[in-house]
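Visitor: coords.txt is reproduced below (compact mmCIF, C-alpha atoms).
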# COMPACT_ATOMS: atom_id res chain seq x y z
CA MET R 821 7.36 24.38 -0.68
CA ARG R 822 10.81 23.35 -1.91
CA LYS R 823 9.93 19.63 -1.52
CA LEU R 824 6.79 20.20 -3.58
CA ALA R 825 8.74 21.95 -6.34
CA LEU R 826 11.32 19.14 -6.41
CA ALA R 827 8.56 16.52 -6.53
CA VAL R 828 6.83 18.29 -9.44
CA PHE R 829 10.15 18.58 -11.26
CA GLY R 830 10.81 14.88 -10.66
CA LEU R 831 7.38 13.95 -12.03
CA LEU R 832 7.91 16.08 -15.13
CA LEU R 833 11.35 14.60 -15.76
CA GLY R 834 10.27 11.03 -15.00
CA GLY R 835 7.12 11.35 -17.09
CA GLY R 836 9.13 12.27 -20.16
CA LEU R 837 7.80 15.84 -20.32
CA LEU R 838 11.29 17.28 -19.95
CA PRO R 839 14.17 15.97 -22.05
CA ALA R 840 16.84 14.11 -20.12
CA THR R 841 20.42 15.10 -20.86
CA SER R 842 23.35 12.79 -20.48
CA ALA R 843 26.06 15.41 -20.10
CA ALA R 844 26.15 18.24 -17.61
CA PRO R 845 26.84 21.67 -19.06
CA ALA R 846 30.45 22.82 -18.85
CA PRO R 847 31.03 24.91 -15.73
CA ALA R 848 31.58 28.61 -16.33
CA LYS R 849 35.06 29.90 -15.68
CA ALA R 850 35.17 31.57 -12.32
CA ARG R 851 36.47 35.11 -12.35
CA PRO R 852 38.90 36.03 -9.61
CA VAL R 853 37.36 37.83 -6.66
CA GLU R 854 37.93 41.57 -6.87
CA ALA R 855 38.75 43.22 -3.55
CA ILE R 856 37.22 46.69 -3.27
CA SER R 857 37.86 49.29 -0.60
CA THR R 858 35.29 52.02 -0.12
CA LEU R 859 35.41 55.53 1.29
CA ARG R 860 32.36 57.59 2.15
CA VAL R 861 32.81 61.31 1.51
CA ASP R 862 30.27 63.79 2.88
CA GLY R 863 30.02 67.36 1.70
CA GLU R 864 27.91 70.24 0.51
CA LEU R 865 27.10 70.90 -3.14
CA VAL R 866 25.90 74.22 -4.59
CA ILE R 867 24.01 73.97 -7.89
CA ASP R 868 23.47 77.16 -9.92
CA THR R 869 20.33 78.15 -11.82
CA GLN R 870 21.64 76.45 -14.99
CA GLY R 871 22.09 73.11 -13.16
CA ARG R 872 25.90 73.35 -13.05
CA VAL R 873 27.97 72.65 -9.96
CA GLU R 874 28.99 76.04 -8.64
CA GLN R 875 30.80 74.85 -5.54
CA ILE R 876 31.70 71.64 -3.69
CA LYS R 877 32.99 71.50 -0.13
CA PHE R 878 33.91 68.22 1.50
CA ASP R 879 33.33 67.78 5.24
CA THR R 880 35.26 64.51 5.20
CA PRO R 881 38.99 65.19 5.44
CA LEU R 882 40.66 63.94 2.26
CA ASP R 883 44.26 63.56 1.18
CA GLU R 884 45.14 65.95 -1.67
CA ALA R 885 45.51 62.90 -3.95
CA PHE R 886 41.73 62.37 -3.58
CA ASP R 887 40.46 65.91 -2.92
CA ALA R 888 41.50 67.72 -6.11
CA PRO R 889 40.57 64.97 -8.62
CA LEU R 890 37.22 64.37 -6.92
CA LYS R 891 36.41 68.09 -6.97
CA ARG R 892 37.30 68.20 -10.68
CA ALA R 893 35.04 65.21 -11.40
CA VAL R 894 32.12 66.60 -9.38
CA GLY R 895 32.57 69.97 -11.10
CA LEU R 896 31.67 68.29 -14.41
CA TRP R 897 28.32 67.01 -13.16
CA GLN R 898 25.22 68.57 -14.71
CA PHE R 899 21.80 68.66 -13.08
CA LYS R 900 18.33 69.59 -14.18
CA PRO R 901 17.79 73.16 -12.85
CA VAL R 902 16.03 73.05 -9.49
CA GLN R 903 12.64 74.71 -9.25
CA VAL R 904 11.16 75.93 -5.99
CA ASP R 905 7.60 77.28 -6.14
CA GLY R 906 7.83 77.30 -9.95
CA MET R 907 11.01 79.42 -10.01
CA VAL R 908 14.48 78.14 -10.93
CA ARG R 909 16.72 78.57 -7.88
CA ARG R 910 20.36 78.28 -6.87
CA VAL R 911 20.40 75.55 -4.22
CA SER R 912 22.74 74.07 -1.68
CA THR R 913 22.38 70.40 -0.77
CA PRO R 914 24.24 67.83 1.28
CA VAL R 915 25.89 65.12 -0.80
CA ARG R 916 27.34 61.74 0.12
CA ILE R 917 29.74 60.20 -2.39
CA THR R 918 30.98 56.64 -2.03
CA LEU R 919 34.32 55.98 -3.70
CA GLY R 920 35.43 52.48 -4.62
CA ALA R 921 39.13 51.63 -4.96
CA VAL R 922 40.40 48.53 -6.74
CA ALA R 923 44.06 47.48 -6.55
CA LYS R 924 45.78 47.49 -9.96
CA ASP R 925 49.31 46.57 -11.05
CA LYS R 926 50.57 50.03 -10.18
CA GLY R 927 48.46 51.63 -7.49
CA PHE R 928 44.68 51.84 -7.41
CA GLU R 929 41.79 52.64 -9.71
CA ILE R 930 39.30 54.86 -7.92
CA ARG R 931 35.70 55.30 -9.10
CA VAL R 932 32.62 57.08 -7.88
CA ASP R 933 30.52 54.11 -6.79
CA ASN R 934 27.41 55.86 -5.48
CA VAL R 935 26.01 59.34 -4.88
CA VAL R 936 23.11 60.24 -2.62
CA PHE R 937 21.63 63.51 -1.49
CA PRO R 938 20.61 62.83 2.11
CA ASP R 939 17.90 64.78 3.86
CA ARG R 940 19.43 67.35 6.23
CA ALA R 941 17.17 66.00 9.00
CA LEU R 942 18.77 62.56 8.68
CA ASP R 943 22.26 63.60 9.79
CA ASN R 944 24.19 60.63 11.15
So that I can check it, write out the structure of this file as structure tokens.
Guide:
Amino acid sequence: MRKLALAVFGLLLGGGLLPATSAAPAPAKARPVEAISTLRVDGELVIDTQGRVEQIKFDTPLDEAFDAPLKRAVGLWQFKPVQVDGMVRRVSTPVRITLGAVAKDKGFEIRVDNVVFPDRALDN
């Protein structure tokens, strides 16, 4: 398939259907590669009837430098109230948060990279 595409392109170029250019475009400046370290944090999240985070408990042991700031950040999350059988309910759900750390001049910058709510039956 690739040979066919190249042959068609060659015919178009050779037949004058595509303009020929004499200069190649300037190469884009390459950005330095950014090294990222990740940490997966598993826990349990309780969401109240207003959709606010009522409680967060991490199962993954975390250093205090990560634990307190992450709990503060998660505490600010807002969800659509959860309905079960047409009624708004307080719910508890497993949560998996992936943190990404990038080295900076002085220390690291840590961000929440991904959040998933895994099915309890898929424990791994």
Visitor: Rank nothing, just name the residue among R:Thr918, R:Thr858, R:Gln903, R:Gln898 nearest to Glu874 in chain R, using only C-alpha atoms.
Guide: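 Once distances to Glu874 in chain R are computed over only C-alpha atoms, the minimum belongs to R:Gln898.
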Visitor: May I ask for the distance between CA of Trp897 in chain R and CA of Val873 in chain R, given in Å to one decimal place?
Guide: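 Between CA of Trp897 in chain R and CA of Val873 in chain R the gap is 6.5 Å.
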Visitor: Give the answer as one residue: which of R:Leu896, R:Val904, R:Leu859, R:Leu882 has the shortest atom-to-atom distance to Arg931 in chain R, using only C-alpha atoms?
Guide: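 Of R:Leu896, R:Val904, R:Leu859, R:Leu882, the one nearest Arg931 in chain R is R:Leu859, counting only C-alpha atoms.
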Visitor: From the set R:Arg892, R:Lys877, R:Arg860, R:Arg940, which residue has the shortest atom-to-atom contact distance to Ile917 in chain R, counting all atoms listed in the file?
Guide: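 Nearest to Ile917 in chain R: R:Arg860.
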Visitor: Can you pull out every residue within 6 Å of Arg916 in chain R, counting all atoms listed in the file, but drop anything in the same chain fewer than 5 positions away, and send it as JSON, numbers by chain?
Guide: {"R": [861, 862, 935, 936]}
Visitor: Could you check how far CA of Lys900 in chain R sits from CA of Thr880 in chain R, in Å to one decimal?
Guide: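 Interatomic distance, CA of Lys900 in chain R to CA of Thr880 in chain R: 26.2 Å.
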Visitor: Counting only C-alpha atoms, what is within 12 Å of Phe878 in chain R, bar same-chain residues fewer than 2 positions away, as a list in words?
Guide: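 The residues that qualify are Arg860, Val861, Asp862, Gly863, Glu864, Leu865, Val866, Gln875, Ile876, Thr880, Pro881, Leu882, Asp883, Glu884, Phe886, Asp887, Ala888, Leu890, Lys891, Val894, Thr913, Pro914, Val915, Arg916 and Ile917 of chain R.
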Visitor: Write the residues of the selection above to a file with C-alpha atoms, as an mmCIF file, keeping the file's coordinate frame.
Guide:
data_model
loop_
_atom_site.group_PDB
_atom_site.id
_atom_site.type_symbol
_atom_site.label_atom_id
_atom_site.label_comp_id
_atom_site.auth_asym_id
_atom_site.auth_seq_id
_atom_site.Cartn_x
_atom_site.Cartn_y
_atom_site.Cartn_z
ATOM 1 C CA ARG R 860 32.360 57.590 2.150
ATOM 2 C CA VAL R 861 32.810 61.310 1.510
ATOM 3 C CA ASP R 862 30.270 63.790 2.880
ATOM 4 C CA GLY R 863 30.020 67.360 1.700
ATOM 5 C CA GLU R 864 27.910 70.240 0.510
ATOM 6 C CA LEU R 865 27.100 70.900 -3.140
ATOM 7 C CA VAL R 866 25.900 74.220 -4.590
ATOM 8 C CA GLN R 875 30.800 74.850 -5.540
ATOM 9 C CA ILE R 876 31.700 71.640 -3.690
ATOM 10 C CA THR R 880 35.260 64.510 5.200
ATOM 11 C CA PRO R 881 38.990 65.190 5.440
ATOM 12 C CA LEU R 882 40.660 63.940 2.260
ATOM 13 C CA ASP R 883 44.260 63.560 1.180
ATOM 14 C CA GLU R 884 45.140 65.950 -1.670
ATOM 15 C CA PHE R 886 41.730 62.370 -3.580
ATOM 16 C CA ASP R 887 40.460 65.910 -2.920
ATOM 17 C CA ALA R 888 41.500 67.720 -6.110
ATOM 18 C CA LEU R 890 37.220 64.370 -6.920
ATOM 19 C CA LYS R 891 36.410 68.090 -6.970
ATOM 20 C CA VAL R 894 32.120 66.600 -9.380
ATOM 21 C CA THR R 913 22.380 70.400 -0.770
ATOM 22 C CA PRO R 914 24.240 67.830 1.280
ATOM 23 C CA VAL R 915 25.890 65.120 -0.800
ATOM 24 C CA ARG R 916 27.340 61.740 0.120
ATOM 25 C CA ILE R 917 29.740 60.200 -2.390
#
Visitor: N, CA and C atoms are needed for range 904-938 of chain R; please write them out as a PDB file, keeping the file's coordinate frame.
Guide:
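What follows is the written file result-v8.pdb:
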ATOM      1  N   VAL R 904      11.832  75.821  -7.277  1.00  0.00           N
ATOM      2  CA  VAL R 904      11.160  75.930  -5.990  1.00  0.00           C
ATOM      3  C   VAL R 904      10.011  76.912  -6.196  1.00  0.00           C
ATOM      4  N   ASP R 905       8.802  76.468  -5.926  1.00  0.00           N
ATOM      5  CA  ASP R 905       7.600  77.280  -6.140  1.00  0.00           C
ATOM      6  C   ASP R 905       7.532  77.803  -7.581  1.00  0.00           C
ATOM      7  N   GLY R 906       7.905  76.945  -8.541  1.00  0.00           N
ATOM      8  CA  GLY R 906       7.830  77.300  -9.950  1.00  0.00           C
ATOM      9  C   GLY R 906       8.954  78.179 -10.469  1.00  0.00           C
ATOM     10  N   MET R 907       9.887  78.553  -9.612  1.00  0.00           N
ATOM     11  CA  MET R 907      11.010  79.420 -10.010  1.00  0.00           C
ATOM     12  C   MET R 907      12.315  78.625  -9.933  1.00  0.00           C
ATOM     13  N   VAL R 908      13.167  78.795 -10.952  1.00  0.00           N
ATOM     14  CA  VAL R 908      14.480  78.140 -10.930  1.00  0.00           C
ATOM     15  C   VAL R 908      15.321  78.838  -9.867  1.00  0.00           C
ATOM     16  N   ARG R 909      15.953  78.029  -9.018  1.00  0.00           N
ATOM     17  CA  ARG R 909      16.720  78.570  -7.880  1.00  0.00           C
ATOM     18  C   ARG R 909      18.131  77.989  -7.821  1.00  0.00           C
ATOM     19  N   ARG R 910      19.027  78.760  -7.248  1.00  0.00           N
ATOM     20  CA  ARG R 910      20.360  78.280  -6.870  1.00  0.00           C
ATOM     21  C   ARG R 910      20.135  77.565  -5.551  1.00  0.00           C
ATOM     22  N   VAL R 911      20.648  76.332  -5.437  1.00  0.00           N
ATOM     23  CA  VAL R 911      20.400  75.550  -4.220  1.00  0.00           C
ATOM     24  C   VAL R 911      21.694  74.978  -3.666  1.00  0.00           C
ATOM     25  N   SER R 912      21.651  74.734  -2.387  1.00  0.00           N
ATOM     26  CA  SER R 912      22.740  74.070  -1.680  1.00  0.00           C
ATOM     27  C   SER R 912      22.164  72.790  -1.093  1.00  0.00           C
ATOM     28  N   THR R 913      22.881  71.678  -1.253  1.00  0.00           N
ATOM     29  CA  THR R 913      22.380  70.400  -0.770  1.00  0.00           C
ATOM     30  C   THR R 913      23.512  69.546  -0.221  1.00  0.00           C
ATOM     31  N   PRO R 914      23.217  68.783   0.829  1.00  0.00           N
ATOM     32  CA  PRO R 914      24.240  67.830   1.280  1.00  0.00           C
ATOM     33  C   PRO R 914      24.408  66.738   0.222  1.00  0.00           C
ATOM     34  N   VAL R 915      25.605  66.197   0.144  1.00  0.00           N
ATOM     35  CA  VAL R 915      25.890  65.120  -0.800  1.00  0.00           C
ATOM     36  C   VAL R 915      26.760  64.085  -0.098  1.00  0.00           C
ATOM     37  N   ARG R 916      26.509  62.833  -0.395  1.00  0.00           N
ATOM     38  CA  ARG R 916      27.340  61.740   0.120  1.00  0.00           C
ATOM     39  C   ARG R 916      27.810  60.935  -1.081  1.00  0.00           C
ATOM     40  N   ILE R 917      29.129  60.903  -1.258  1.00  0.00           N
ATOM     41  CA  ILE R 917      29.740  60.200  -2.390  1.00  0.00           C
ATOM     42  C   ILE R 917      30.487  58.996  -1.834  1.00  0.00           C
ATOM     43  N   THR R 918      30.235  57.832  -2.411  1.00  0.00           N
ATOM     44  CA  THR R 918      30.980  56.640  -2.030  1.00  0.00           C
ATOM     45  C   THR R 918      31.975  56.336  -3.132  1.00  0.00           C
ATOM     46  N   LEU R 919      33.249  56.304  -2.758  1.00  0.00           N
ATOM     47  CA  LEU R 919      34.320  55.980  -3.700  1.00  0.00           C
ATOM     48  C   LEU R 919      34.673  54.507  -3.535  1.00  0.00           C
ATOM     49  N   GLY R 920      34.972  53.867  -4.630  1.00  0.00           N
ATOM     50  CA  GLY R 920      35.430  52.480  -4.620  1.00  0.00           C
ATOM     51  C   GLY R 920      36.830  52.420  -5.197  1.00  0.00           C
ATOM     52  N   ALA R 921      37.748  51.759  -4.504  1.00  0.00           N
ATOM     53  CA  ALA R 921      39.130  51.630  -4.960  1.00  0.00           C
ATOM     54  C   ALA R 921      39.451  50.160  -5.196  1.00  0.00           C
ATOM     55  N   VAL R 922      40.013  49.884  -6.361  1.00  0.00           N
ATOM     56  CA  VAL R 922      40.400  48.530  -6.740  1.00  0.00           C
ATOM     57  C   VAL R 922      41.900  48.528  -6.982  1.00  0.00           C
ATOM     58  N   ALA R 923      42.613  47.575  -6.365  1.00  0.00           N
ATOM     59  CA  ALA R 923      44.060  47.480  -6.550  1.00  0.00           C
ATOM     60  C   ALA R 923      44.365  47.092  -7.995  1.00  0.00           C
ATOM     61  N   LYS R 924      45.313  47.781  -8.599  1.00  0.00           N
ATOM     62  CA  LYS R 924      45.780  47.490  -9.960  1.00  0.00           C
ATOM     63  C   LYS R 924      47.277  47.212  -9.886  1.00  0.00           C
ATOM     64  N   ASP R 925      47.877  46.875 -11.030  1.00  0.00           N
ATOM     65  CA  ASP R 925      49.310  46.570 -11.050  1.00  0.00           C
ATOM     66  C   ASP R 925      50.139  47.671 -10.407  1.00  0.00           C
ATOM     67  N   LYS R 926      49.828  48.899 -10.735  1.00  0.00           N
ATOM     68  CA  LYS R 926      50.570  50.030 -10.180  1.00  0.00           C
ATOM     69  C   LYS R 926      49.603  50.977  -9.485  1.00  0.00           C
ATOM     70  N   GLY R 927      49.333  50.751  -8.240  1.00  0.00           N
ATOM     71  CA  GLY R 927      48.460  51.630  -7.490  1.00  0.00           C
ATOM     72  C   GLY R 927      47.021  51.158  -7.439  1.00  0.00           C
ATOM     73  N   PHE R 928      46.110  52.112  -7.536  1.00  0.00           N
ATOM     74  CA  PHE R 928      44.680  51.840  -7.410  1.00  0.00           C
ATOM     75  C   PHE R 928      43.910  52.541  -8.512  1.00  0.00           C
ATOM     76  N   GLU R 929      42.757  51.976  -8.833  1.00  0.00           N
ATOM     77  CA  GLU R 929      41.790  52.640  -9.710  1.00  0.00           C
ATOM     78  C   GLU R 929      40.647  53.053  -8.796  1.00  0.00           C
ATOM     79  N   ILE R 930      40.329  54.332  -8.807  1.00  0.00           N
ATOM     80  CA  ILE R 930      39.300  54.860  -7.920  1.00  0.00           C
ATOM     81  C   ILE R 930      38.128  55.354  -8.754  1.00  0.00           C
ATOM     82  N   ARG R 931      36.925  54.926  -8.377  1.00  0.00           N
ATOM     83  CA  ARG R 931      35.700  55.300  -9.100  1.00  0.00           C
ATOM     84  C   ARG R 931      34.664  55.824  -8.125  1.00  0.00           C
ATOM     85  N   VAL R 932      33.785  56.677  -8.658  1.00  0.00           N
ATOM     86  CA  VAL R 932      32.620  57.080  -7.880  1.00  0.00           C
ATOM     87  C   VAL R 932      31.648  55.906  -7.974  1.00  0.00           C
ATOM     88  N   ASP R 933      31.361  55.295  -6.839  1.00  0.00           N
ATOM     89  CA  ASP R 933      30.520  54.110  -6.790  1.00  0.00           C
ATOM     90  C   ASP R 933      29.053  54.455  -6.577  1.00  0.00           C
ATOM     91  N   ASN R 934      28.790  55.502  -5.801  1.00  0.00           N
ATOM     92  CA  ASN R 934      27.410  55.860  -5.480  1.00  0.00           C
ATOM     93  C   ASN R 934      27.356  57.313  -5.041  1.00  0.00           C
ATOM     94  N   VAL R 935      26.233  57.962  -5.319  1.00  0.00           N
ATOM     95  CA  VAL R 935      26.010  59.340  -4.880  1.00  0.00           C
ATOM     96  C   VAL R 935      24.586  59.429  -4.361  1.00  0.00           C
ATOM     97  N   VAL R 936      24.435  59.988  -3.173  1.00  0.00           N
ATOM     98  CA  VAL R 936      23.110  60.240  -2.620  1.00  0.00           C
ATOM     99  C   VAL R 936      23.063  61.662  -2.082  1.00  0.00           C
ATOM    100  N   PHE R 937      21.857  62.188  -2.028  1.00  0.00           N
ATOM    101  CA  PHE R 937      21.630  63.510  -1.490  1.00  0.00           C
ATOM    102  C   PHE R 937      20.759  63.363  -0.257  1.00  0.00           C
ATOM    103  N   PRO R 938      21.395  63.127   0.897  1.00  0.00           N
ATOM    104  CA  PRO R 938      20.610  62.830   2.110  1.00  0.00           C
ATOM    105  C   PRO R 938      19.831  64.039   2.597  1.00  0.00           C
TER     106      PRO R 938
END
